[in-house]
file entry-v1.csv (CSV, C-alpha atoms)
chain,number,residue,atom,x,y,z
T,1,MET,CA,119.6,129.1,86.7
T,2,ASP,CA,119.8,131.8,89.3
T,3,PHE,CA,117.4,132.8,92.1
T,4,ASP,CA,116.3,136.0,90.4
T,5,ARG,CA,114.7,134.0,87.6
T,6,VAL,CA,112.9,131.8,90.2
T,7,ASP,CA,111.7,135.0,91.9
T,8,LYS,CA,110.2,136.2,88.6
T,9,ILE,CA,108.4,132.9,88.0
T,10,LEU,CA,107.1,132.9,91.5
T,11,LYS,CA,105.8,136.4,91.1
T,12,ALA,CA,104.1,135.6,87.8
T,13,TYR,CA,102.1,133.0,89.7
T,14,GLY,CA,101.3,135.4,92.6
T,15,MET,CA,103.4,133.4,95.2
T,16,LYS,CA,100.5,131.0,95.6
T,17,GLU,CA,101.2,127.4,96.6
T,18,THR,CA,98.2,126.3,94.6
T,19,HIS,CA,100.3,127.0,91.5
T,20,LEU,CA,103.1,124.8,92.6
T,21,VAL,CA,102.9,122.4,89.7
T,22,SER,CA,103.0,125.2,87.1
T,23,ILE,CA,105.9,126.9,88.9
T,24,LEU,CA,107.9,123.7,88.9
T,25,LEU,CA,107.1,123.1,85.2
T,26,ASP,CA,108.4,126.6,84.4
T,27,ILE,CA,111.5,126.0,86.3
T,28,GLN,CA,112.0,122.7,84.6
T,29,THR,CA,111.7,124.2,81.2
T,30,GLU,CA,114.4,126.8,82.0
T,31,ALA,CA,116.8,124.7,84.0
T,32,ASN,CA,116.1,121.4,82.2
T,33,PHE,CA,115.7,119.7,85.6
T,34,LEU,CA,114.8,120.6,89.2
T,35,PRO,CA,117.9,121.4,91.2
T,36,ARG,CA,117.8,120.7,94.9
T,37,GLU,CA,118.7,124.2,96.0
T,38,ILE,CA,116.0,125.7,93.8
T,39,LEU,CA,113.4,123.3,95.3
T,40,SER,CA,114.4,124.4,98.8
T,41,TYR,CA,114.2,128.0,97.7
T,42,VAL,CA,110.7,127.6,96.3
T,43,ALA,CA,109.6,125.9,99.5
T,44,LYS,CA,111.0,128.7,101.6
T,45,LYS,CA,109.4,131.4,99.4
T,46,LEU,CA,106.0,129.8,99.3
T,47,GLY,CA,106.1,129.1,103.0
T,48,ILE,CA,105.4,125.3,102.7
T,49,PRO,CA,107.5,122.4,103.9
T,50,LEU,CA,110.2,121.1,101.5
T,51,SER,CA,108.7,117.7,101.9
T,52,GLN,CA,105.6,118.8,100.2
T,53,VAL,CA,107.5,120.3,97.2
T,54,CYS,CA,109.4,117.0,96.9
T,55,ARG,CA,106.2,115.1,97.0
T,56,PHE,CA,105.0,116.9,93.8
T,57,ALA,CA,108.4,116.8,92.2
T,58,THR,CA,108.7,113.0,92.6
T,59,PHE,CA,105.1,112.2,91.8
T,60,TYR,CA,104.9,113.4,88.2
T,61,LYS,CA,107.0,111.8,85.6
T,62,ALA,CA,107.4,115.1,83.8
T,63,PHE,CA,109.7,116.3,86.6
T,64,SER,CA,113.3,115.2,86.8
T,65,LEU,CA,115.5,115.6,89.8
T,66,LYS,CA,118.6,114.6,87.8
T,67,PRO,CA,120.1,116.8,85.1
T,68,ARG,CA,118.8,115.8,81.6
T,69,GLY,CA,120.4,115.9,78.2
T,70,ARG,CA,119.8,118.6,75.5
T,71,HIS,CA,117.6,116.2,73.6
T,72,VAL,CA,115.0,113.8,75.2
T,73,ILE,CA,114.4,110.6,73.3
T,74,LYS,CA,111.0,109.1,74.1
T,75,THR,CA,110.5,105.5,72.9
T,76,CYS,CA,106.9,104.3,72.8
T,77,LEU,CA,106.4,100.8,74.4
T,78,GLY,CA,102.6,100.8,74.1
T,79,THR,CA,100.8,97.7,72.9
T,80,ALA,CA,100.7,98.6,69.2
T,81,CYS,CA,104.4,99.6,69.2
T,82,HIS,CA,105.4,96.7,71.3
T,83,VAL,CA,104.0,94.0,69.0
T,84,ARG,CA,105.7,95.7,66.0
T,85,GLY,CA,109.1,95.5,67.7
T,86,ALA,CA,109.5,98.6,69.9
T,87,VAL,CA,111.6,96.6,72.4
T,88,LYS,CA,114.3,95.9,69.7
T,89,VAL,CA,114.3,99.5,68.7
T,90,LEU,CA,114.8,100.5,72.3
T,91,GLN,CA,117.6,98.0,72.7
T,92,THR,CA,119.3,99.3,69.6
T,93,ILE,CA,119.1,102.9,70.9
T,94,GLU,CA,120.5,101.8,74.3
T,95,ARG,CA,123.4,100.0,72.5
T,96,GLU,CA,124.1,103.0,70.2
T,97,LEU,CA,124.2,105.5,73.0
T,98,GLY,CA,125.6,103.2,75.7
T,99,ILE,CA,123.0,104.1,78.2
T,100,ARG,CA,120.0,102.4,79.8
T,101,ASP,CA,116.3,103.6,79.9
T,102,GLY,CA,116.1,106.6,82.2
T,103,ASP,CA,119.8,107.6,81.9
T,104,THR,CA,121.6,110.5,80.3
T,105,THR,CA,124.7,110.2,78.1
T,106,ARG,CA,127.9,111.5,79.6
T,107,ASP,CA,128.1,114.5,77.3
T,108,PHE,CA,124.5,115.5,78.2
T,109,LYS,CA,123.4,115.2,74.6
T,110,PHE,CA,120.6,112.6,75.0
T,111,THR,CA,118.3,111.4,77.7
T,112,LEU,CA,116.5,108.1,77.0
T,113,GLU,CA,113.0,107.6,78.3
T,114,THR,CA,110.2,105.1,77.7
T,115,VAL,CA,106.5,106.0,77.5
T,116,ASN,CA,103.5,103.7,77.5
T,117,CYS,CA,101.6,105.3,74.6
T,118,LEU,CA,101.9,108.4,72.5
T,119,GLY,CA,98.5,108.1,70.9
T,120,ALA,CA,99.9,107.7,67.4
T,121,CYS,CA,99.7,103.9,67.2
T,122,ALA,CA,99.4,104.0,63.3
T,123,LEU,CA,103.0,105.2,63.2
T,124,GLY,CA,104.3,102.5,65.5
T,125,PRO,CA,106.9,101.6,66.5
T,126,LEU,CA,107.3,105.3,67.4
T,127,VAL,CA,110.3,107.3,68.7
T,128,VAL,CA,110.0,111.0,69.6
T,129,ILE,CA,113.1,113.2,69.9
T,130,ASP,CA,112.2,116.6,71.4
T,131,ASN,CA,109.2,117.4,69.1
T,132,ASP,CA,110.1,115.4,66.0
T,133,TYR,CA,108.2,112.1,65.4
T,134,TYR,CA,110.0,109.2,63.9
T,135,GLY,CA,107.4,106.6,62.8
T,136,GLN,CA,107.6,103.1,61.5
T,137,MET,CA,111.0,102.7,63.2
T,138,ASN,CA,113.2,99.7,62.9
T,139,THR,CA,116.7,98.8,64.1
T,140,THR,CA,118.4,100.0,60.8
T,141,LYS,CA,116.9,103.4,61.0
T,142,VAL,CA,118.2,104.1,64.5
T,143,PRO,CA,121.8,105.3,63.7
T,144,LYS,CA,120.5,107.5,60.9
T,145,MET,CA,118.0,109.1,63.3
T,146,LEU,CA,120.6,109.8,65.9
T,147,LYS,CA,122.9,111.4,63.4
T,148,ASP,CA,120.5,114.2,62.9
T,149,TYR,CA,121.4,115.6,66.3
B,1,MET,CA,71.0,117.6,114.8
B,2,ILE,CA,70.7,114.6,112.5
B,3,THR,CA,69.1,111.3,113.3
B,4,LEU,CA,70.4,108.1,111.7
B,5,ALA,CA,70.4,104.4,112.3
B,6,VAL,CA,73.6,102.4,112.8
B,7,ASP,CA,73.0,98.6,112.9
B,8,ASN,CA,69.3,99.2,113.5
B,9,GLN,CA,70.0,101.4,116.6
B,10,GLU,CA,68.8,105.0,116.3
B,11,ILE,CA,71.1,107.9,117.3
B,12,THR,CA,71.0,111.6,117.1
B,13,VAL,CA,74.3,113.5,116.5
B,14,LYS,CA,75.5,116.9,115.5
B,15,GLU,CA,75.8,117.8,111.9
B,16,GLY,CA,79.3,117.1,110.5
B,17,THR,CA,80.0,114.1,112.8
B,18,THR,CA,81.6,111.2,111.0
B,19,LEU,CA,80.0,107.7,110.8
B,20,LEU,CA,82.9,106.4,112.9
B,21,LYS,CA,82.2,108.8,115.7
B,22,ALA,CA,78.5,108.1,115.6
B,23,SER,CA,78.9,104.3,115.8
B,24,GLU,CA,81.5,104.8,118.6
B,25,LYS,CA,78.8,106.5,120.6
B,26,LEU,CA,76.7,103.4,120.3
B,27,GLY,CA,79.5,101.2,121.3
B,28,ILE,CA,79.9,99.6,117.9
B,29,GLU,CA,83.5,98.9,117.1
B,30,ILE,CA,84.9,99.5,113.6
B,31,PRO,CA,88.5,98.6,113.0
B,32,THR,CA,90.8,101.4,111.8
B,33,LEU,CA,94.5,101.8,111.0
B,34,CYS,CA,95.0,105.3,109.6
B,35,TYR,CA,92.6,107.1,111.9
B,36,HIS,CA,93.8,109.2,114.9
B,37,GLU,CA,91.6,111.4,117.1
B,38,GLY,CA,93.8,114.4,117.0
B,39,LEU,CA,94.2,114.5,113.3
B,40,LEU,CA,92.0,115.2,110.3
B,41,PRO,CA,90.4,112.1,108.7
B,42,TYR,CA,92.4,110.8,105.8
B,43,GLY,CA,90.7,107.5,104.6
B,44,ALA,CA,93.9,105.8,103.4
B,45,CYS,CA,93.5,102.2,104.8
B,46,ARG,CA,89.8,101.8,103.9
B,47,LEU,CA,89.6,99.3,106.8
B,48,CYS,CA,86.6,101.2,108.3
B,49,VAL,CA,84.4,100.5,105.3
B,50,VAL,CA,80.6,100.4,106.1
B,51,GLU,CA,77.6,99.9,103.9
B,52,ILE,CA,75.1,102.8,103.8
B,53,PHE,CA,71.5,102.8,102.7
B,54,LYS,CA,69.6,106.0,101.8
B,55,GLU,CA,66.4,106.0,99.8
B,56,LYS,CA,67.5,104.1,96.7
B,57,GLU,CA,71.2,104.6,97.3
B,58,ASN,CA,73.3,101.8,98.6
B,59,ARG,CA,77.1,101.9,98.6
B,60,MET,CA,80.3,101.4,100.6
B,61,VAL,CA,82.0,104.3,102.2
B,62,ALA,CA,84.9,104.9,104.6
B,63,ALA,CA,83.3,105.5,108.0
B,64,CYS,CA,86.3,107.6,109.3
B,65,SER,CA,85.7,110.4,106.8
B,66,PHE,CA,82.0,110.2,105.8
B,67,PRO,CA,79.7,112.7,107.4
B,68,VAL,CA,76.3,111.6,108.8
B,69,GLU,CA,73.1,112.4,106.8
B,70,GLU,CA,69.5,112.6,107.8
B,71,GLY,CA,67.6,109.3,107.6
B,72,MET,CA,70.7,107.3,106.7
B,73,LYS,CA,70.9,103.6,107.5
B,74,VAL,CA,74.4,102.2,108.3
B,75,VAL,CA,75.4,98.6,108.4
B,76,THR,CA,78.8,98.0,109.9
B,77,SER,CA,79.1,94.2,109.7
B,78,SER,CA,77.2,92.9,106.7
B,79,ASP,CA,78.6,90.1,104.6
B,80,ARG,CA,79.6,92.5,101.9
B,81,VAL,CA,81.5,94.7,104.4
B,82,LEU,CA,83.3,91.8,106.1
B,83,LYS,CA,84.3,90.4,102.7
B,84,ARG,CA,85.8,93.7,101.7
B,85,ARG,CA,87.6,94.2,105.0
B,86,ARG,CA,89.0,90.6,104.8
B,87,MET,CA,90.4,91.5,101.4
B,88,ILE,CA,92.1,94.6,102.6
B,89,VAL,CA,93.7,92.8,105.6
B,90,GLU,CA,94.9,90.1,103.3
B,91,PHE,CA,96.6,92.6,101.1
B,92,LEU,CA,98.1,94.3,104.1
B,93,LEU,CA,99.3,91.0,105.5
B,94,SER,CA,101.0,90.1,102.2
B,95,ARG,CA,102.8,93.5,102.3
B,96,CYS,CA,103.9,93.3,106.0
B,97,PRO,CA,103.7,89.7,107.2
B,98,ASP,CA,105.8,90.4,110.3
B,99,VAL,CA,103.9,93.3,111.8
B,100,LYS,CA,102.1,92.5,115.0
B,101,THR,CA,99.1,94.9,114.4
B,102,ILE,CA,98.4,93.4,111.0
B,103,LYS,CA,98.9,89.9,112.3
B,104,ASP,CA,96.3,90.4,115.1
B,105,LEU,CA,93.8,91.8,112.6
B,106,ALA,CA,94.3,88.9,110.3
B,107,ASP,CA,93.9,86.4,113.2
B,108,ARG,CA,90.6,88.1,114.2
B,109,MET,CA,89.3,87.8,110.6
B,110,GLY,CA,90.5,84.2,110.3
B,111,ILE,CA,93.2,84.8,107.6
B,112,LYS,CA,96.1,82.4,108.0
B,113,LYS,CA,98.2,82.9,104.9
B,114,PRO,CA,97.7,85.6,102.2
B,115,ARG,CA,97.3,84.3,98.7
B,116,PHE,CA,99.7,87.0,97.3
B,117,LYS,CA,103.4,87.2,97.1
B,118,SER,CA,104.9,88.5,100.3
B,119,LYS,CA,106.8,91.8,100.3
B,120,ASN,CA,108.2,91.9,103.8
B,121,LEU,CA,107.8,95.6,104.5
B,122,ASP,CA,107.0,97.5,107.7
B,123,CYS,CA,105.2,100.6,106.4
B,124,ILE,CA,101.6,100.4,105.3
B,125,LEU,CA,101.5,104.0,104.0
B,126,CYS,CA,98.7,105.1,106.3
B,127,GLY,CA,100.2,108.6,106.3
B,128,LEU,CA,99.8,109.1,110.1
B,129,CYS,CA,103.5,110.1,110.6
B,130,VAL,CA,103.3,112.5,107.7
B,131,ARG,CA,100.1,114.1,109.0
B,132,VAL,CA,101.3,114.3,112.6
B,133,CYS,CA,104.4,116.0,111.5
B,134,ASN,CA,102.5,118.5,109.3
B,135,GLU,CA,99.4,119.1,111.5
B,136,ILE,CA,100.6,118.8,115.0
B,137,ALA,CA,104.3,119.4,115.1
B,138,GLY,CA,103.8,121.9,112.2
B,139,ILE,CA,107.2,121.0,110.7
B,140,GLY,CA,106.7,118.7,107.7
B,141,ALA,CA,110.1,117.1,107.9
B,142,ILE,CA,108.8,113.9,106.3
B,143,GLY,CA,106.5,113.4,103.3
B,144,PHE,CA,105.4,110.9,100.7
B,145,VAL,CA,107.9,110.4,97.9
B,146,SER,CA,107.3,109.0,94.4
B,147,ARG,CA,104.1,107.2,93.6
B,148,GLY,CA,102.4,103.9,92.8
B,149,LYS,CA,104.3,100.8,94.0
B,150,LYS,CA,107.4,103.0,94.6
B,151,LEU,CA,105.5,105.2,97.1
B,152,LYS,CA,107.2,105.6,100.4
B,153,VAL,CA,107.6,108.0,103.4
B,154,ASP,CA,110.9,109.8,103.3
B,155,THR,CA,112.7,113.0,104.0
B,156,PRO,CA,113.4,115.4,101.1
B,157,PHE,CA,116.1,113.9,98.8
B,158,HIS,CA,116.6,111.0,101.2
B,159,MET,CA,119.0,113.1,103.4
B,160,ALA,CA,119.1,113.7,107.1
B,161,SER,CA,116.5,116.4,107.7
B,162,ASP,CA,117.6,119.8,108.9
B,163,VAL,CA,114.2,120.8,110.1
B,164,CYS,CA,113.3,117.7,112.2
B,165,ILE,CA,113.1,118.5,115.9
B,166,GLY,CA,113.2,114.9,117.0
B,167,CYS,CA,109.9,115.2,118.8
B,168,GLY,CA,109.2,111.5,118.2
B,169,ALA,CA,105.6,112.1,117.3
B,170,CYS,CA,105.9,110.1,114.0
B,171,SER,CA,107.3,107.1,115.9
B,172,SER,CA,104.6,107.3,118.6
B,173,VAL,CA,101.6,107.3,116.2
B,174,CYS,CA,102.9,104.7,113.8
B,175,PRO,CA,100.5,101.6,114.0
B,176,THR,CA,103.2,99.2,112.7
B,177,ASP,CA,106.3,100.5,114.5
B,178,ALA,CA,108.0,101.2,111.2
B,179,ILE,CA,109.7,104.4,112.4
B,180,GLU,CA,112.5,104.0,114.9
B,181,MET,CA,113.9,106.8,117.1
B,182,GLU,CA,117.6,107.2,117.0
B,183,LEU,CA,119.4,108.4,120.1
B,184,ASP,CA,122.9,108.0,118.8
B,185,ALA,CA,123.3,111.8,118.7
B,186,VAL,CA,123.3,111.9,122.5
B,187,LYS,CA,127.0,110.9,122.4
B,188,ARG,CA,127.8,113.8,120.2
B,189,PHE,CA,126.0,116.2,122.5
B,190,LEU,CA,128.1,115.1,125.6
B,191,GLU,CA,130.9,117.1,124.2
B,192,LEU,CA,128.9,120.4,124.1
B,193,LEU,CA,129.0,122.9,126.9
B,194,GLY,CA,126.8,125.7,128.2
B,195,SER,CA,123.1,126.3,128.4
B,196,GLU,CA,122.3,124.0,125.5
B,197,HIS,CA,122.1,121.2,128.0
B,198,LYS,CA,118.8,122.3,129.3
B,199,CYS,CA,116.7,121.9,126.1
B,200,ARG,CA,115.0,118.5,125.9
B,201,TYR,CA,115.4,118.3,122.2
B,202,ALA,CA,119.0,119.4,122.4
B,203,LEU,CA,119.5,116.8,125.2
B,204,MET,CA,118.4,114.2,122.7
B,205,GLY,CA,121.0,115.5,120.4
B,206,LEU,CA,118.5,116.0,117.8
B,207,ILE,CA,118.5,119.8,117.3
B,208,SER,CA,121.3,122.3,117.4
B,209,TYR,CA,119.5,125.5,118.5
B,210,LYS,CA,122.0,127.7,120.3
B,211,VAL,CA,119.4,129.9,122.0
B,212,CYS,CA,115.9,128.9,123.1
B,213,SER,CA,113.3,131.6,122.6
B,214,ASN,CA,111.4,130.3,125.7
B,215,ASN,CA,114.4,130.7,128.0
B,216,TYR,CA,114.6,126.9,128.4
B,217,GLU,CA,111.2,126.6,130.0
B,218,CYS,CA,109.8,123.6,128.2
B,219,TRP,CA,106.2,123.9,129.4
B,220,LYS,CA,106.1,127.1,127.3
B,221,CYS,CA,107.4,125.4,124.2
B,222,LYS,CA,104.6,125.5,121.6
B,223,ILE,CA,105.7,122.3,120.0
B,224,ASP,CA,105.7,120.4,123.3
B,225,GLN,CA,102.3,121.7,124.2
B,226,ARG,CA,100.7,120.9,120.9
B,227,ILE,CA,102.0,117.4,120.7
B,228,ARG,CA,101.1,116.6,124.3
B,229,ASP,CA,97.5,117.8,123.7
B,230,ALA,CA,97.1,115.7,120.6
B,231,LEU,CA,98.8,112.5,121.7
B,232,GLY,CA,98.0,112.5,125.5
B,233,THR,CA,101.6,111.9,126.5
B,234,HIS,CA,104.8,113.5,125.7
B,235,PRO,CA,106.1,112.1,122.4
B,236,ILE,CA,109.4,111.2,123.8
B,237,PHE,CA,107.9,108.8,126.3
B,238,ALA,CA,105.4,107.6,123.7
B,239,ALA,CA,108.1,106.8,121.2
B,240,LYS,CA,107.8,103.1,120.8
B,241,LYS,CA,111.0,101.9,119.2
B,242,ILE,CA,114.0,102.9,121.3
B,243,LYS,CA,116.5,100.3,122.1
B,244,LYS,CA,116.8,99.7,125.9
B,245,GLU,CA,120.5,100.5,126.2
B,246,LYS,CA,119.9,103.8,124.5
B,247,VAL,CA,117.1,104.7,126.9
B,248,ASN,CA,119.4,103.9,129.9
B,249,GLN,CA,122.2,105.9,128.4
B,250,TYR,CA,119.8,108.9,128.0
B,251,PHE,CA,118.5,108.8,131.6
B,252,SER,CA,121.9,108.3,133.1
B,253,PHE,CA,123.0,111.3,131.1
B,254,LEU,CA,120.0,113.3,132.5
B,255,LYS,CA,121.0,112.5,136.1
B,256,LYS,CA,124.6,113.6,135.5
B,257,ILE,CA,123.5,117.0,134.4
B,258,GLN,CA,121.1,117.5,137.3
B,259,GLU,CA,123.9,116.8,139.7
call {"tool": "encode", "arguments": {"input": "entry-v1.csv", "output": "structure tokens"}}
result
Amino acid sequence: MDFDRVDKILKAYGMKETHLVSILLDIQTEANFLPREILSYVAKKLGIPLSQVCRFATFYKAFSLKPRGRHVIKTCLGTACHVRGAVKVLQTIERELGIRDGDTTRDFKFTLETVNCLGACALGPLVVIDNDYYGQMNTTKVPKMLKDY
Amino acid sequence: MITLAVDNQEITVKEGTTLLKASEKLGIEIPTLCYHEGLLPYGACRLCVVEIFKEKENRMVAACSFPVEEGMKVVTSSDRVLKRRRMIVEFLLSRCPDVKTIKDLADRMGIKKPRFKSKNLDCILCGLCVRVCNEIAGIGAIGFVSRGKKLKVDTPFHMASDVCIGCGACSSVCPTDAIEMELDAVKRFLELLGSEHKCRYALMGLISYKVCSNNYECWKCKIDQRIRDALGTHPIFAAKKIKKEKVNQYFSFLKKIQE
């Protein structure tokens, strides 16, 4: 992602610091994560301290300061999913991909995240990859699900 | 002008005055941790809770940030208030059991040992350092990072800051002495030559400005002025946590240059 793109996003929001979260979200959608140099650039352009931009970028779970994979796997660990064995599903995914919760595979294909509820408890245990929902998951379904990508 | 009663004593104050200021005028002491006169009210520590009564309303508010209202009755040391304050101090004591300020507060309230698991930290996240850096120094070198139980005060990306001017204001306002001034960079500065020697901040080895816009006349320096007005003393002398050898090293170095 280059600085011209950032300039365009900043201009679309009128260079206002009140729109900081929206600006960061747009950058995150394009660059997949929030690179340090771009955060410094945004702070400089908006005329606010870098520490303030970092405060927002580290506060919300939607923002990532580390590069993320092309596909984001969200495993639900809410109560309903938990009692139906979501932990085992998570462990199987971790073993299949060789990464821990919050990490990214070496080839930047997958990033594994946990969420506390996705609001679709009837489908639990639930795994969401990008925008595809995989309901009623169990350990045997995991390899098949990952093969789709 | 607004008239209100604090602990059954009537007082008339200007509109917009906080409850803390009003009770201060009456000589009623309310404990605070995150409040500083030169800074905007923040209301982080909640240690200054008081009970307010107005018509049918009765609730607990933070005195440091709550503005006075006509006909309000304020109670600063009811059982309910004291109970809540004790709870807050107990939480703080379990977070930082070795901090003198917190220990003194706990002693005064009669708390010997907190019921909760000890964390052994220094910082109570009152936000004074962050605010002094933003509001008075106008730099914003440090800020809050992350949230919830991971929340802490840090520089961006946990790297040595390139905008910090080393004024020491954050260290001087810290109620728990969690921020330490480092003078290690003085050594590095000894090798430099030329007019850089004259700048106080360059002397500390904490900035690397080659040219001073005020022609090295520090009393003209905006940052110096602002900090001195807000804190009462110059931050470098107010900085609490500097090791003794380092201070001596710094002053002997000053003499050397004056000769």
call {"tool": "closest_residue", "arguments": {"input": "entry-v1.csv", "among": "T:Cys121, T:Met15, T:Ala57, T:Val128", "to": "Pro35 (chain T)", "atoms": "all atoms listed in the file"}}
result
T:Ala57
call {"tool": "residues_around", "arguments": {"input": "entry-v1.csv", "residues": "region 132-136 of chain T", "least_positions_apart": "2", "cutoff": "12 Å", "atoms": "only C-alpha atoms", "output": "MDAnalysis selection string"}}
result
chainID T and resid 71:76 80:82 84:86 89 118:130 138:142 144:146 148:149
call {"tool": "interface_residues", "arguments": {"input": "entry-v1.csv", "of": "chain B", "to": "chain T", "cutoff": "6 Å", "atoms": "all atoms listed in the file", "output": "number ranges by chain"}}
result
B: 140, 142-147, 156
call {"tool": "write_last_selection", "arguments": {"input": "entry-v1.csv", "atoms": "C-alpha atoms", "output": "PDB file, in the frame of the given file"}}
result
ATOM      1  CA  GLY B 140     106.700 118.700 107.700  1.00  0.00           C
ATOM      2  CA  ILE B 142     108.800 113.900 106.300  1.00  0.00           C
ATOM      3  CA  GLY B 143     106.500 113.400 103.300  1.00  0.00           C
ATOM      4  CA  PHE B 144     105.400 110.900 100.700  1.00  0.00           C
ATOM      5  CA  VAL B 145     107.900 110.400  97.900  1.00  0.00           C
ATOM      6  CA  SER B 146     107.300 109.000  94.400  1.00  0.00           C
ATOM      7  CA  ARG B 147     104.100 107.200  93.600  1.00  0.00           C
ATOM      8  CA  PRO B 156     113.400 115.400 101.100  1.00  0.00           C
TER       9      PRO B 156
END
call {"tool": "closest_residue", "arguments": {"input": "entry-v1.csv", "among": "T:Thr29, T:Ser22, T:Thr111, T:Asn116", "to": "Gly78 (chain T)", "atoms": "all atoms listed in the file"}}
result
T:Asn116
call {"tool": "residues_around", "arguments": {"input": "entry-v1.csv", "residues": "Gly98 (chain T)", "least_positions_apart": "5", "cutoff": "12 Å", "atoms": "only C-alpha atoms", "output": "number ranges by chain"}}
result
T: 90-93, 103-107, 110-112
call {"tool": "atom_distance", "arguments": {"input": "entry-v1.csv", "atom1": "CA of Phe116 (chain B)", "atom2": "CA of Thr101 (chain B)"}}
result
18.8 Å
call {"tool": "closest_residue", "arguments": {"input": "entry-v1.csv", "among": "T:Leu97, T:Leu34, T:Val115, T:Leu10", "to": "Lys147 (chain T)", "atoms": "only C-alpha atoms"}}
result
T:Leu97
call {"tool": "atom_distance", "arguments": {"input": "entry-v1.csv", "atom1": "CA of Lys56 (chain B)", "atom2": "CA of Gly43 (chain B)"}}
result
24.7 Å
call {"tool": "build_atoms", "arguments": {"input": "entry-v1.csv", "residues": "region 158-163 of chain B", "atoms": "all heavy atoms", "output": "JSON list (two decimals), keeping the file's coordinate frame"}}
result
[["chain", "number", "residue", "atom", "x", "y", "z"],
["B", 158, "HIS", "N", 116.06, 112.12, 100.46],
["B", 158, "HIS", "CA", 116.60, 111.00, 101.20],
["B", 158, "HIS", "C", 117.85, 111.41, 102.03],
["B", 158, "HIS", "O", 118.83, 110.67, 102.13],
["B", 158, "HIS", "CB", 116.92, 109.82, 100.32],
["B", 158, "HIS", "CG", 117.12, 108.54, 101.06],
["B", 158, "HIS", "ND1", 116.12, 107.94, 101.79],
["B", 158, "HIS", "CD2", 118.22, 107.76, 101.21],
["B", 158, "HIS", "CE1", 116.61, 106.85, 102.36],
["B", 158, "HIS", "NE2", 117.86, 106.72, 102.02],
["B", 159, "MET", "N", 117.84, 112.63, 102.58],
["B", 159, "MET", "CA", 119.00, 113.10, 103.40],
["B", 159, "MET", "C", 118.53, 113.37, 104.79],
["B", 159, "MET", "O", 117.34, 113.56, 105.04],
["B", 159, "MET", "CB", 119.53, 114.41, 102.77],
["B", 159, "MET", "CG", 120.15, 114.23, 101.42],
["B", 159, "MET", "SD", 121.18, 115.60, 100.93],
["B", 159, "MET", "CE", 120.08, 116.97, 101.02],
["B", 160, "ALA", "N", 119.48, 113.39, 105.74],
["B", 160, "ALA", "CA", 119.10, 113.70, 107.10],
["B", 160, "ALA", "C", 118.47, 115.08, 107.15],
["B", 160, "ALA", "O", 118.99, 116.05, 106.61],
["B", 160, "ALA", "CB", 120.40, 113.72, 107.96],
["B", 161, "SER", "N", 117.30, 115.14, 107.80],
["B", 161, "SER", "CA", 116.50, 116.40, 107.70],
["B", 161, "SER", "C", 117.15, 117.46, 108.61],
["B", 161, "SER", "O", 117.61, 117.19, 109.72],
["B", 161, "SER", "CB", 115.11, 116.09, 108.22],
["B", 161, "SER", "OG", 114.37, 117.28, 108.24],
["B", 162, "ASP", "N", 117.13, 118.70, 108.12],
["B", 162, "ASP", "CA", 117.60, 119.80, 108.90],
["B", 162, "ASP", "C", 116.52, 120.53, 109.65],
["B", 162, "ASP", "O", 116.77, 121.44, 110.42],
["B", 162, "ASP", "CB", 118.52, 120.74, 108.12],
["B", 162, "ASP", "CG", 117.83, 121.17, 106.84],
["B", 162, "ASP", "OD1", 116.71, 120.68, 106.59],
["B", 162, "ASP", "OD2", 118.39, 121.99, 106.11],
["B", 163, "VAL", "N", 115.26, 120.18, 109.40],
["B", 163, "VAL", "CA", 114.20, 120.80, 110.10],
["B", 163, "VAL", "C", 113.56, 119.94, 111.19],
["B", 163, "VAL", "O", 112.84, 120.41, 112.05],
["B", 163, "VAL", "CB", 113.04, 121.29, 109.15],
["B", 163, "VAL", "CG1", 113.48, 122.47, 108.33],
["B", 163, "VAL", "CG2", 112.58, 120.16, 108.26]]
